[in-house]
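**Q** Structure: run-v7.txt, compact mmCIF, C-alpha atoms.
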```txt
# COMPACT_ATOMS: atom_id res chain seq x y z
CA MET A 17 95.19 225.74 107.56
CA SER A 18 95.04 225.99 111.35
CA ASP A 19 98.18 226.75 113.33
CA PHE A 20 97.90 223.37 115.03
CA GLU A 21 96.01 220.18 114.35
CA VAL A 22 95.65 219.34 118.07
CA THR A 23 95.82 221.56 121.14
CA ILE A 24 95.82 219.97 124.59
CA VAL A 25 94.98 222.24 127.52
CA GLY A 26 96.89 221.10 130.59
CA ALA A 27 100.27 219.41 130.99
CA GLY A 28 99.55 217.11 133.90
CA VAL A 29 100.22 213.40 133.57
CA VAL A 30 97.03 212.84 131.55
CA GLY A 31 97.65 215.73 129.14
CA LEU A 32 101.25 214.62 128.63
CA ALA A 33 100.23 210.99 128.08
CA ILE A 34 97.76 212.12 125.41
CA ALA A 35 100.41 214.32 123.79
CA ALA A 36 102.93 211.47 123.73
CA ARG A 37 100.43 209.14 122.08
CA LEU A 38 98.89 211.53 119.55
CA ALA A 39 102.12 213.21 118.43
CA GLU A 40 103.16 209.96 116.71
CA HIS A 41 100.70 210.62 113.87
CA HIS A 42 99.70 214.22 114.64
CA PRO A 43 102.96 216.14 115.24
CA ARG A 44 101.34 219.57 114.76
CA LEU A 45 100.37 219.33 118.39
CA LEU A 46 100.48 222.01 121.09
CA VAL A 47 100.19 221.59 124.85
CA LEU A 48 99.23 224.70 126.82
CA GLU A 49 100.32 224.83 130.46
CA LYS A 50 99.69 227.84 132.69
CA ASN A 51 102.34 226.91 135.26
CA GLU A 52 106.12 227.24 135.03
CA LYS A 53 106.54 223.51 134.45
CA TYR A 54 104.40 220.54 133.59
CA GLY A 55 102.77 218.43 136.30
CA MET A 56 102.88 220.96 139.14
CA GLU A 57 99.39 220.33 140.50
CA THR A 58 97.43 217.11 141.11
CA SER A 59 99.85 214.95 139.09
CA SER A 60 102.77 215.59 141.43
CA ARG A 61 100.84 215.76 144.70
CA ASN A 62 99.37 212.31 145.25
CA SER A 63 100.17 208.87 146.63
CA GLU A 64 102.03 207.78 143.46
CA VAL A 65 100.26 204.44 143.65
CA ILE A 66 99.81 202.12 140.69
CA HIS A 67 96.26 200.97 141.41
CA ALA A 68 95.07 197.47 140.53
CA GLY A 69 91.47 198.47 139.68
CA ILE A 70 89.67 196.91 142.64
CA TYR A 71 87.03 199.33 143.85
CA HIS A 72 85.07 200.81 140.96
CA SER A 73 82.04 199.42 139.16
CA PRO A 74 82.98 197.02 136.35
CA GLU A 75 80.90 199.14 133.94
CA SER A 76 82.79 202.35 134.77
CA LEU A 77 85.53 204.07 132.84
CA ARG A 78 87.46 204.30 136.10
CA ALA A 79 87.65 200.52 136.41
CA ARG A 80 88.22 199.75 132.75
CA LEU A 81 90.90 202.38 132.19
CA CYS A 82 92.61 201.64 135.51
CA VAL A 83 92.97 197.92 134.75
CA GLU A 84 94.15 198.57 131.19
CA GLY A 85 96.36 201.48 132.23
CA ARG A 86 98.02 199.50 135.02
CA GLU A 87 99.46 196.96 132.61
CA MET A 88 100.41 199.66 130.10
CA LEU A 89 102.13 201.58 132.89
CA TYR A 90 104.20 198.63 134.09
CA ASP A 91 105.24 198.05 130.48
CA VAL A 92 106.23 201.70 129.98
CA CYS A 93 108.23 201.62 133.22
CA ALA A 94 110.06 198.45 132.26
CA ARG A 95 110.92 199.64 128.75
CA HIS A 96 112.04 203.13 129.71
CA GLY A 97 113.61 202.62 133.13
CA ILE A 98 111.02 204.63 135.07
CA ALA A 99 111.37 204.10 138.82
CA HIS A 100 108.59 201.88 140.14
CA LYS A 101 108.01 198.87 142.37
CA ARG A 102 105.33 196.16 142.52
CA LEU A 103 105.08 196.71 146.23
CA THR A 104 101.75 194.82 146.57
CA LYS A 105 98.91 195.90 148.85
CA ILE A 106 96.47 194.68 151.46
CA ILE A 107 93.04 196.08 152.28
CA VAL A 108 92.21 195.24 155.87
CA ALA A 109 89.09 194.61 157.92
CA THR A 110 89.82 195.47 161.53
CA GLU A 111 86.76 193.81 163.07
CA GLU A 112 84.43 190.98 162.18
CA ALA A 113 81.61 193.34 161.26
CA GLU A 114 83.72 194.65 158.37
CA VAL A 115 84.42 191.28 156.75
CA ALA A 116 81.22 191.28 154.69
CA LYS A 117 82.18 194.61 153.13
CA LEU A 118 85.68 193.29 152.47
CA GLU A 119 84.19 190.30 150.65
CA THR A 120 82.03 192.61 148.53
CA ILE A 121 85.12 194.59 147.49
CA TYR A 122 86.91 191.32 146.72
CA ALA A 123 84.07 190.15 144.47
CA ASN A 124 83.98 193.49 142.68
CA GLY A 125 87.72 193.38 142.05
CA LEU A 126 87.42 189.90 140.56
CA LYS A 127 84.67 191.17 138.21
CA ASN A 128 87.12 193.86 137.08
CA GLY A 129 89.64 191.18 136.18
CA VAL A 130 92.03 191.93 139.04
CA GLU A 131 94.16 189.17 140.57
CA LEU A 132 93.31 189.09 144.29
CA LYS A 133 93.46 186.73 147.26
CA MET A 134 91.41 186.73 150.45
CA LEU A 135 93.52 186.29 153.60
CA ASP A 136 92.41 185.35 157.09
CA LYS A 137 93.89 186.91 160.23
CA LYS A 138 96.82 184.49 160.45
CA GLN A 139 97.76 184.93 156.78
CA THR A 140 97.48 188.71 157.06
CA LEU A 141 99.72 188.87 160.12
CA GLU A 142 102.28 186.66 158.40
CA LEU A 143 102.58 189.36 155.75
CA GLU A 144 102.28 192.37 158.10
CA PRO A 145 102.84 191.41 161.76
CA HIS A 146 102.35 194.97 163.00
CA VAL A 147 98.95 195.50 161.37
CA ARG A 148 95.66 195.06 163.24
CA ALA A 149 93.29 192.99 161.09
CA VAL A 150 90.88 190.08 161.21
CA ALA A 151 91.03 189.55 157.42
CA SER A 152 92.38 191.26 154.32
CA ILE A 153 92.48 191.32 150.53
CA PHE A 154 95.94 190.84 149.02
CA SER A 155 96.62 192.60 145.71
CA PRO A 156 99.84 191.44 144.02
CA SER A 157 99.58 193.89 141.10
CA SER A 158 99.44 197.12 143.15
CA GLY A 159 102.59 199.19 143.22
CA ILE A 160 104.23 202.60 143.39
CA ILE A 161 105.81 204.80 140.76
CA SER A 162 107.76 208.02 140.39
CA ALA A 163 105.10 210.31 138.93
CA HIS A 164 107.80 212.86 138.07
CA GLU A 165 109.83 210.33 136.06
CA LEU A 166 106.68 209.19 134.28
CA MET A 167 105.82 212.76 133.30
CA ASP A 168 109.42 213.41 132.23
CA HIS A 169 109.10 210.40 129.93
CA PHE A 170 105.78 211.47 128.40
CA TYR A 171 107.08 215.03 127.95
CA SER A 172 110.28 213.90 126.24
CA GLU A 173 108.42 211.45 124.02
CA ALA A 174 105.89 214.07 122.92
CA CYS A 175 108.61 216.63 122.13
CA ALA A 176 110.71 214.06 120.27
CA LYS A 177 107.72 213.39 118.01
CA GLY A 178 107.34 217.08 117.18
CA ALA A 179 104.89 218.36 119.80
CA THR A 180 105.30 221.79 121.40
CA VAL A 181 104.73 222.27 125.14
CA GLN A 182 104.22 225.94 125.99
CA HIS A 183 104.62 226.75 129.69
CA ARG A 184 103.42 229.91 131.44
CA CYS A 185 100.70 230.15 128.81
CA ALA A 186 97.12 230.41 130.07
CA LEU A 187 94.02 229.83 127.97
CA SER A 188 91.51 232.69 128.31
CA GLY A 189 89.13 232.24 125.39
CA ILE A 190 87.69 229.61 123.05
CA GLU A 191 85.71 230.46 119.94
CA LYS A 192 84.30 228.02 117.38
CA ALA A 193 85.69 228.67 113.93
CA ALA A 194 85.00 227.21 110.50
CA ASP A 195 88.03 224.93 110.60
CA GLY A 196 88.13 224.26 114.32
CA TYR A 197 88.72 226.64 117.20
CA ARG A 198 90.23 230.06 117.79
CA LEU A 199 92.01 230.11 121.14
CA THR A 200 93.02 233.21 123.07
CA VAL A 201 96.11 232.69 125.18
CA GLU A 202 97.95 234.92 127.63
CA GLU A 203 101.73 234.92 128.10
CA ALA A 204 103.47 237.41 130.39
CA GLY A 205 100.44 239.69 130.30
CA THR A 206 100.21 239.66 126.50
CA LYS A 207 97.23 238.18 124.67
CA SER A 208 97.47 236.41 121.32
CA THR A 209 95.31 234.10 119.21
CA ILE A 210 96.03 230.71 117.73
CA THR A 211 93.87 228.29 115.77
CA SER A 212 93.50 224.55 116.22
CA GLU A 213 91.42 221.91 114.50
CA ILE A 214 91.03 219.88 117.71
CA VAL A 215 90.98 220.91 121.38
CA ILE A 216 91.42 218.44 124.24
CA ASN A 217 90.53 219.77 127.67
CA ALA A 218 92.85 218.00 130.13
CA ALA A 219 93.09 220.97 132.47
CA GLY A 220 92.60 219.04 135.71
CA LEU A 221 91.61 221.42 138.48
CA GLY A 222 90.54 223.98 135.87
CA SER A 223 88.83 221.65 133.41
CA ASP A 224 85.33 222.89 134.25
CA ARG A 225 86.45 226.45 133.57
CA VAL A 226 87.86 225.44 130.19
CA ALA A 227 84.53 223.77 129.35
CA ALA A 228 82.78 227.01 130.28
CA LEU A 229 85.11 228.98 127.98
CA ALA A 230 83.87 226.77 125.14
CA GLY A 231 80.31 227.91 125.89
CA MET A 232 79.05 224.99 127.94
CA ASP A 233 76.73 225.47 130.91
CA VAL A 234 78.82 223.48 133.37
CA ASP A 235 76.11 223.47 136.05
CA LYS A 236 73.42 222.24 133.66
CA GLU A 237 75.73 219.58 132.22
CA GLY A 238 76.98 218.42 135.61
CA TYR A 239 80.55 219.47 134.76
CA ARG A 240 81.08 221.79 137.74
CA LEU A 241 84.02 220.60 139.83
CA VAL A 242 84.41 220.70 143.57
CA LEU A 243 87.97 220.64 144.83
CA ALA A 244 89.04 218.39 147.68
CA LYS A 245 92.32 218.79 149.49
CA GLY A 246 94.12 215.73 150.79
CA SER A 247 96.89 216.01 153.38
CA TYR A 248 99.67 213.54 154.21
CA PHE A 249 101.76 212.95 157.33
CA SER A 250 105.05 211.06 157.52
CA VAL A 251 106.58 209.12 160.42
CA PRO A 252 110.16 208.42 161.57
CA ALA A 253 112.30 205.99 159.60
CA SER A 254 112.21 203.48 162.45
CA LYS A 255 108.46 203.08 161.92
CA ALA A 256 108.84 202.58 158.16
CA GLN A 257 110.59 199.28 158.88
CA LEU A 258 107.39 197.92 160.44
CA LEU A 259 105.49 197.73 157.13
CA HIS A 260 106.43 196.06 153.86
CA ARG A 261 103.67 197.04 151.46
CA LEU A 262 100.73 199.42 150.93
CA VAL A 263 98.09 199.03 153.64
CA TYR A 264 94.58 200.39 153.09
CA PRO A 265 91.61 200.47 155.45
CA LEU A 266 88.15 199.74 154.10
CA PRO A 267 87.03 202.59 151.84
CA THR A 268 84.32 204.99 152.88
CA ARG A 269 81.48 206.04 150.60
CA THR A 270 83.55 208.98 149.38
CA SER A 271 87.23 207.96 149.55
CA LEU A 272 89.73 205.11 149.88
CA GLY A 273 90.60 206.25 153.39
CA ILE A 274 93.83 207.31 155.05
CA HIS A 275 96.22 204.60 153.92
CA ALA A 276 99.84 203.66 154.62
CA LEU A 277 102.23 204.06 151.74
CA LEU A 278 105.91 203.37 151.43
CA ASP A 279 107.52 205.53 148.76
CA LEU A 280 110.40 204.54 146.50
CA SER A 281 112.94 205.82 149.02
CA GLY A 282 111.41 203.66 151.78
CA ARG A 283 109.77 206.52 153.69
CA LEU A 284 106.41 205.79 155.30
CA LYS A 285 103.55 208.26 154.82
CA PHE A 286 99.86 208.24 155.62
CA GLY A 287 97.06 209.97 153.74
CA PRO A 288 95.17 211.50 152.18
CA ASP A 289 92.18 212.75 154.10
CA VAL A 290 89.37 214.62 152.32
CA GLU A 291 88.81 218.33 152.97
CA TYR A 292 86.39 220.01 150.58
CA LEU A 293 87.49 223.52 149.63
CA ALA A 294 84.98 226.33 149.47
CA ASN A 295 87.04 228.69 147.35
CA ARG A 296 89.89 229.05 144.92
CA PRO A 297 92.75 229.88 145.22
CA PHE A 298 93.93 227.51 147.94
CA ASP A 299 97.18 226.69 149.67
CA TYR A 300 99.04 223.42 150.07
CA SER A 301 99.97 223.80 153.74
CA VAL A 302 99.23 220.87 156.04
CA ALA A 303 97.42 221.79 159.26
CA GLU A 304 99.17 220.34 162.30
CA SER A 305 95.76 220.28 163.99
CA LYS A 306 94.92 217.23 161.85
CA ARG A 307 97.37 215.08 163.80
CA THR A 308 94.70 213.80 166.17
CA SER A 309 92.24 212.71 163.48
CA PHE A 310 95.03 211.14 161.44
CA GLY A 311 96.37 209.30 164.48
CA GLN A 312 92.94 207.90 165.31
CA ALA A 313 92.37 206.72 161.73
CA ILE A 314 95.81 205.13 161.42
CA ARG A 315 95.71 203.31 164.76
CA ARG A 316 92.56 201.44 163.72
CA TYR A 317 94.79 199.25 161.53
CA PHE A 318 98.37 200.19 162.56
CA PRO A 319 98.43 200.64 166.35
CA GLY A 320 102.12 201.43 166.74
CA ILE A 321 101.90 205.13 165.81
CA SER A 322 101.47 207.99 168.25
CA ASP A 323 100.16 211.43 167.34
CA GLU A 324 103.54 212.91 168.29
CA GLU A 325 105.29 210.81 165.63
CA LEU A 326 103.18 212.26 162.82
CA MET A 327 104.94 215.03 160.87
CA PRO A 328 103.17 217.21 158.25
CA GLU A 329 104.41 216.06 154.86
CA MET A 330 102.52 217.39 151.83
CA SER A 331 99.08 217.91 150.37
CA GLY A 332 97.36 217.74 147.01
CA VAL A 333 94.03 218.85 145.58
CA ARG A 334 91.72 216.57 143.60
CA PRO A 335 89.13 217.62 140.99
CA LYS A 336 85.89 215.90 141.99
CA LEU A 337 82.54 215.80 140.21
CA GLN A 338 80.74 214.56 143.33
CA ARG A 339 79.75 216.98 146.07
CA GLU A 340 80.57 216.34 149.70
CA GLY A 341 78.70 213.27 150.93
CA GLU A 342 77.86 212.00 147.43
CA PRO A 343 79.21 208.67 146.12
CA VAL A 344 82.16 208.71 143.76
CA LYS A 345 81.28 209.62 140.16
CA ASP A 346 82.89 208.18 137.06
CA PHE A 347 85.48 209.90 134.90
CA LEU A 348 83.91 212.25 132.36
CA ILE A 349 85.67 211.79 129.02
CA LYS A 350 83.49 212.98 126.17
CA HIS A 351 83.79 214.13 122.57
CA GLU A 352 81.32 217.03 122.56
CA SER A 353 80.17 216.64 118.94
CA GLU A 354 76.53 216.40 120.05
CA LYS A 355 76.84 219.95 121.38
CA GLY A 356 78.05 221.16 117.98
CA LEU A 357 81.65 221.10 119.15
CA GLU A 358 83.20 218.63 116.74
CA GLY A 359 86.81 218.00 117.69
CA PHE A 360 86.43 219.20 121.29
CA VAL A 361 87.04 216.56 123.97
CA ASN A 362 86.41 217.14 127.67
CA LEU A 363 88.23 215.26 130.42
CA ILE A 364 86.68 216.36 133.72
CA GLY A 365 86.85 214.85 137.19
CA ILE A 366 90.02 212.87 136.43
CA GLU A 367 91.19 212.10 139.95
CA SER A 368 92.43 208.77 141.33
CA PRO A 369 93.15 206.43 139.57
CA GLY A 370 94.02 208.96 136.86
CA LEU A 371 97.78 208.48 137.22
CA THR A 372 97.48 204.71 136.77
CA ALA A 373 94.97 205.10 133.95
CA SER A 374 96.87 207.83 132.09
CA PRO A 375 98.22 205.73 129.17
CA ALA A 376 94.83 204.03 128.76
CA ILE A 377 93.06 207.40 128.88
CA ALA A 378 95.34 208.59 126.08
CA LYS A 379 94.40 205.55 123.99
CA TYR A 380 90.70 206.12 124.74
CA VAL A 381 90.85 209.80 123.67
CA GLU A 382 92.64 208.80 120.47
CA GLY A 383 89.77 206.41 119.75
CA LEU A 384 87.18 209.14 120.33
CA LEU A 385 88.85 211.45 117.82
CA PHE A 386 90.47 209.22 115.23
```
Would you give me this structure, written as structure tokens?

**A**
Amino acid sequence: MSDFEVTIVGAGVVGLAIAARLAEHHPRLLVLEKNEKYGMETSSRNSEVIHAGIYHSPESLRARLCVEGREMLYDVCARHGIAHKRLTKIIVATEEAEVAKLETIYANGLKNGVELKMLDKKQTLELEPHVRAVASIFSPSSGIISAHELMDHFYSEACAKGATVQHRCALSGIEKAADGYRLTVEEAGTKSTITSEIVINAAGLGSDRVAALAGMDVDKEGYRLVLAKGSYFSVPASKAQLLHRLVYPLPTRTSLGIHALLDLSGRLKFGPDVEYLANRPFDYSVAESKRTSFGQAIRRYFPGISDEELMPEMSGVRPKLQREGEPVKDFLIKHESEKGLEGFVNLIGIESPGLTASPAIAKYVEGLLF
């Protein structure tokens, strides 16, 4: 018998959500995490937005799992006292030439089953008097959440059901075995081997490398990640009082744009931008030289901010399957049985709205395996 029935590589919000769900009926479950604590990378360095599911193609996993995950997430928050708020959101057109694109986004959101309302200039300014807009989409189901509290919940639930989460434990080898997989792990410079019937690759920024360890040609398969850094700036508390909800510009081909977000403490932040990284490792410092570009982007829809009021806040790094300039690609969630890897599931390119979709992703992975 294998040491474990299920091994999950990566203890970000998605890995923990999967562990919490699967441990109910599969308690011989191990989560490997290379960092000192769970959720130290992408899962804790983002906008902490509960997305409605507006933007993505109705046929995509991103849209389907976001819409399903949103309702699951609100339910989890309500039942377990996880800090969150249905803050609502508007997406704004700042000039008449943008209204047609806004209407296209609105129609797409409706196809995804999202409750939305189109607002004219007067209606928009009644909601947000300090925003510059000629029209907007109002999303009543968008919100914010404490990602840390959500991960604490998933972690506690998984452990209570019998799962083991092993921190400071890096995966360095995967070998197919008769009854599953033989995994080489490294802890404090010491290598050891464990066996597992099932392996779930939820390694986030390193998920393409884990796929390669399993013998996959990540370039041939289209699994090679590119990493994109997103920085955030905050503004003084006096400015936070000027907005009441999330405010997004129209998305670009490659991102949702530098948006305004109020966190659970009432602080106002703006971000993220998109900066493709050429190499790993990387750092999380925020370049003060970005003030000018941030200020210009923000003032298109929120004129009352000067460059001098922008203070470097934080940054995060997203695992993207699309190269710079390419349109957004769908989540890759695949049971690799066709490659002769029965019981091996890849989750690659799980960026936004991965946090929102996390409980639905867990349900989807369960369906792939069981």

**Q** Name the residues in contact with Cys175 in chain A at a cut-off of 8 Å, using only C-alpha atoms, excluding same-chain residues fewer than 5 positions from it; report them as a list in words.

**A**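 Answer for this query is Ala36, Thr180 and Val181 of chain A.
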
**Q** Just want the 8 Å neighbourhood of Leu166 in chain A, counted on only C-alpha atoms, with same-chain residues fewer than 4 positions away dropped. Output as a list in words.

**A**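 The residues that qualify are Val29, Cys93, Ile98, Ile161, Ser162 and Phe170 of chain A.
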
**Q** Just the residues within 10 Å of Leu46 in chain A, please, counting all atoms listed in the file, with nothing from its chain fewer than 2 positions along; format it as a VMD selection string.

**A** chain A and resid 19 to 25 35 39 43 to 44 48 to 49 174 to 175 178 to 182 212 215

**Q** Set out as JSON lines a contact list for range 306-365 of chain A and range 249-266 of chain A with a cut-off of 6 Å, giving each residue of range 306-365 of chain A that qualifies its closest atom pair and distance in Å to one decimal, counting all atoms listed in the file, ordered by chain and rising residue number.

**A**
```
{"residue": "A:Glu325", "atom": "CA", "partner": "A:Val251", "partner_atom": "CA", "distance": 5.6}
{"residue": "A:Leu326", "atom": "CA", "partner": "A:Val251", "partner_atom": "CA", "distance": 5.2}
{"residue": "A:Met327", "atom": "CA", "partner": "A:Phe249", "partner_atom": "CA", "distance": 5.2}
{"residue": "A:Pro328", "atom": "CA", "partner": "A:Phe249", "partner_atom": "CA", "distance": 4.6}
{"residue": "A:Glu329", "atom": "CA", "partner": "A:Phe249", "partner_atom": "CA", "distance": 4.8}
```

**Q** When you draw a straight line from CA of Thr268 in chain A to CA of Pro145 in chain A, how long is it in Å?

**A**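 Here the two named atoms are 24.6 Å from each other.
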
**Q** Skipping near chain neighbours, those fewer than 5 positions away, what residues fall within 8 Å of range 224-235 of chain A using only C-alpha atoms, listed as a tab-separated table (two decimals) with C-alpha atoms, keeping the file's coordinate frame?

**A**
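Dumped to around-v3.tsv:
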```
chain	number	residue	atom	x	y	z
A	187	LEU	CA	94.02	229.83	127.97
A	188	SER	CA	91.51	232.69	128.31
A	189	GLY	CA	89.13	232.24	125.39
A	190	ILE	CA	87.69	229.61	123.05
A	191	GLU	CA	85.71	230.46	119.94
A	192	LYS	CA	84.30	228.02	117.38
A	217	ASN	CA	90.53	219.77	127.67
A	219	ALA	CA	93.09	220.97	132.47
A	240	ARG	CA	81.08	221.79	137.74
A	241	LEU	CA	84.02	220.60	139.83
A	362	ASN	CA	86.41	217.14	127.67
A	364	ILE	CA	86.68	216.36	133.72
```

**Q** With all atoms listed in the file as the basis for distance, which of A:Ala149, A:Gly365, A:Ala116, A:Ser247 is at the shortest distance from Ser309 in chain A?

**A** A:Ser247

**Q** If you measure from CA of Glu324 in chain A to CA of Gly273 in chain A, what distance in Å do you get, rounded to one decimal?

**A**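 Between CA of Glu324 in chain A and CA of Gly273 in chain A the gap is 20.8 Å.
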
**Q** Which one of A:Met134, A:Ala163, A:Leu118, A:Leu38 sits closest to Ala99 in chain A if you count all atoms listed in the file?

**A**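 Closest residue, counting all atoms listed in the file: A:Ala163.
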
**Q** Tell me, in Å to one decimal, how far CA of Pro267 in chain A is from CA of Ser158 in chain A.

**A**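 Interatomic distance, CA of Pro267 in chain A to CA of Ser158 in chain A: 16.1 Å.
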
**Q** Residues near Tyr90 in chain A, anyone? I mean within 10 Å using only C-alpha atoms, not counting same-chain ones fewer than 5 positions away, as a count of residues only.

**A** 11

**Q** Within 12 Å of range 299-305 of chain A, which residues of range 56-157 of chain A come that close, and what is the closest atom pair and distance in Å for each? Count only C-alpha atoms and give it as CSV.

**A**
```
residue,atom,partner,partner_atom,distance
A:Met56,CA,A:Tyr300,CA,11.8
A:Glu57,CA,A:Tyr300,CA,10.1
A:Thr58,CA,A:Tyr300,CA,11.1
A:Arg61,CA,A:Tyr300,CA,9.5
```

**Q** Using only C-alpha atoms, pick whichever of A:Glu52, A:Glu213, A:Glu111, A:Glu173 has the shortest atom-to-atom distance to Ala33 in chain A.

**A**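 The answer is A:Glu173, which sits nearest to Ala33 in chain A.
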
**Q** Nearest to Met88 in chain A among A:Gly28, A:Leu385, A:Asn128, A:Lys379, with distances taken over all atoms listed in the file: which residue is it?

**A**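 Nearest candidate to Met88 in chain A out of A:Gly28, A:Leu385, A:Asn128, A:Lys379: A:Lys379.
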
**Q** Would you list the residues near (99.0, 201.5, 127.2) (no more than 9 Å away, in the coordinates of the file, using all atoms listed in the file) as a list in words?

**A** Glu84, Gly85, Arg86, Glu87, Met88, Leu89, Asp91, Val92, Ala373, Ser374, Pro375, Ala376, Ile377, Ala378 and Lys379 of chain A

**Q** Would you mind telling me which residue in A:Ala123, A:Leu277, A:Val30, A:Ala313 lies nearest to Glu367 in chain A when using all atoms listed in the file?

**A**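 Nearest candidate to Glu367 in chain A out of A:Ala123, A:Leu277, A:Val30, A:Ala313: A:Val30.
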
**Q** Looking at A:His275, A:Arg80, A:Arg269, A:Lys245, which one is nearest to Asn295 in chain A, with distances taken over only C-alpha atoms?

**A**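 Under the stated criterion, the closest residue is A:Lys245.
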
**Q** Is there a way to get, as a PyMOL selection string, all residues within 9 Å of the point (86.9, 194.1, 141.9) in file coordinates, counting only C-alpha atoms?

**A** chain A and resi 68-74+79+120-132
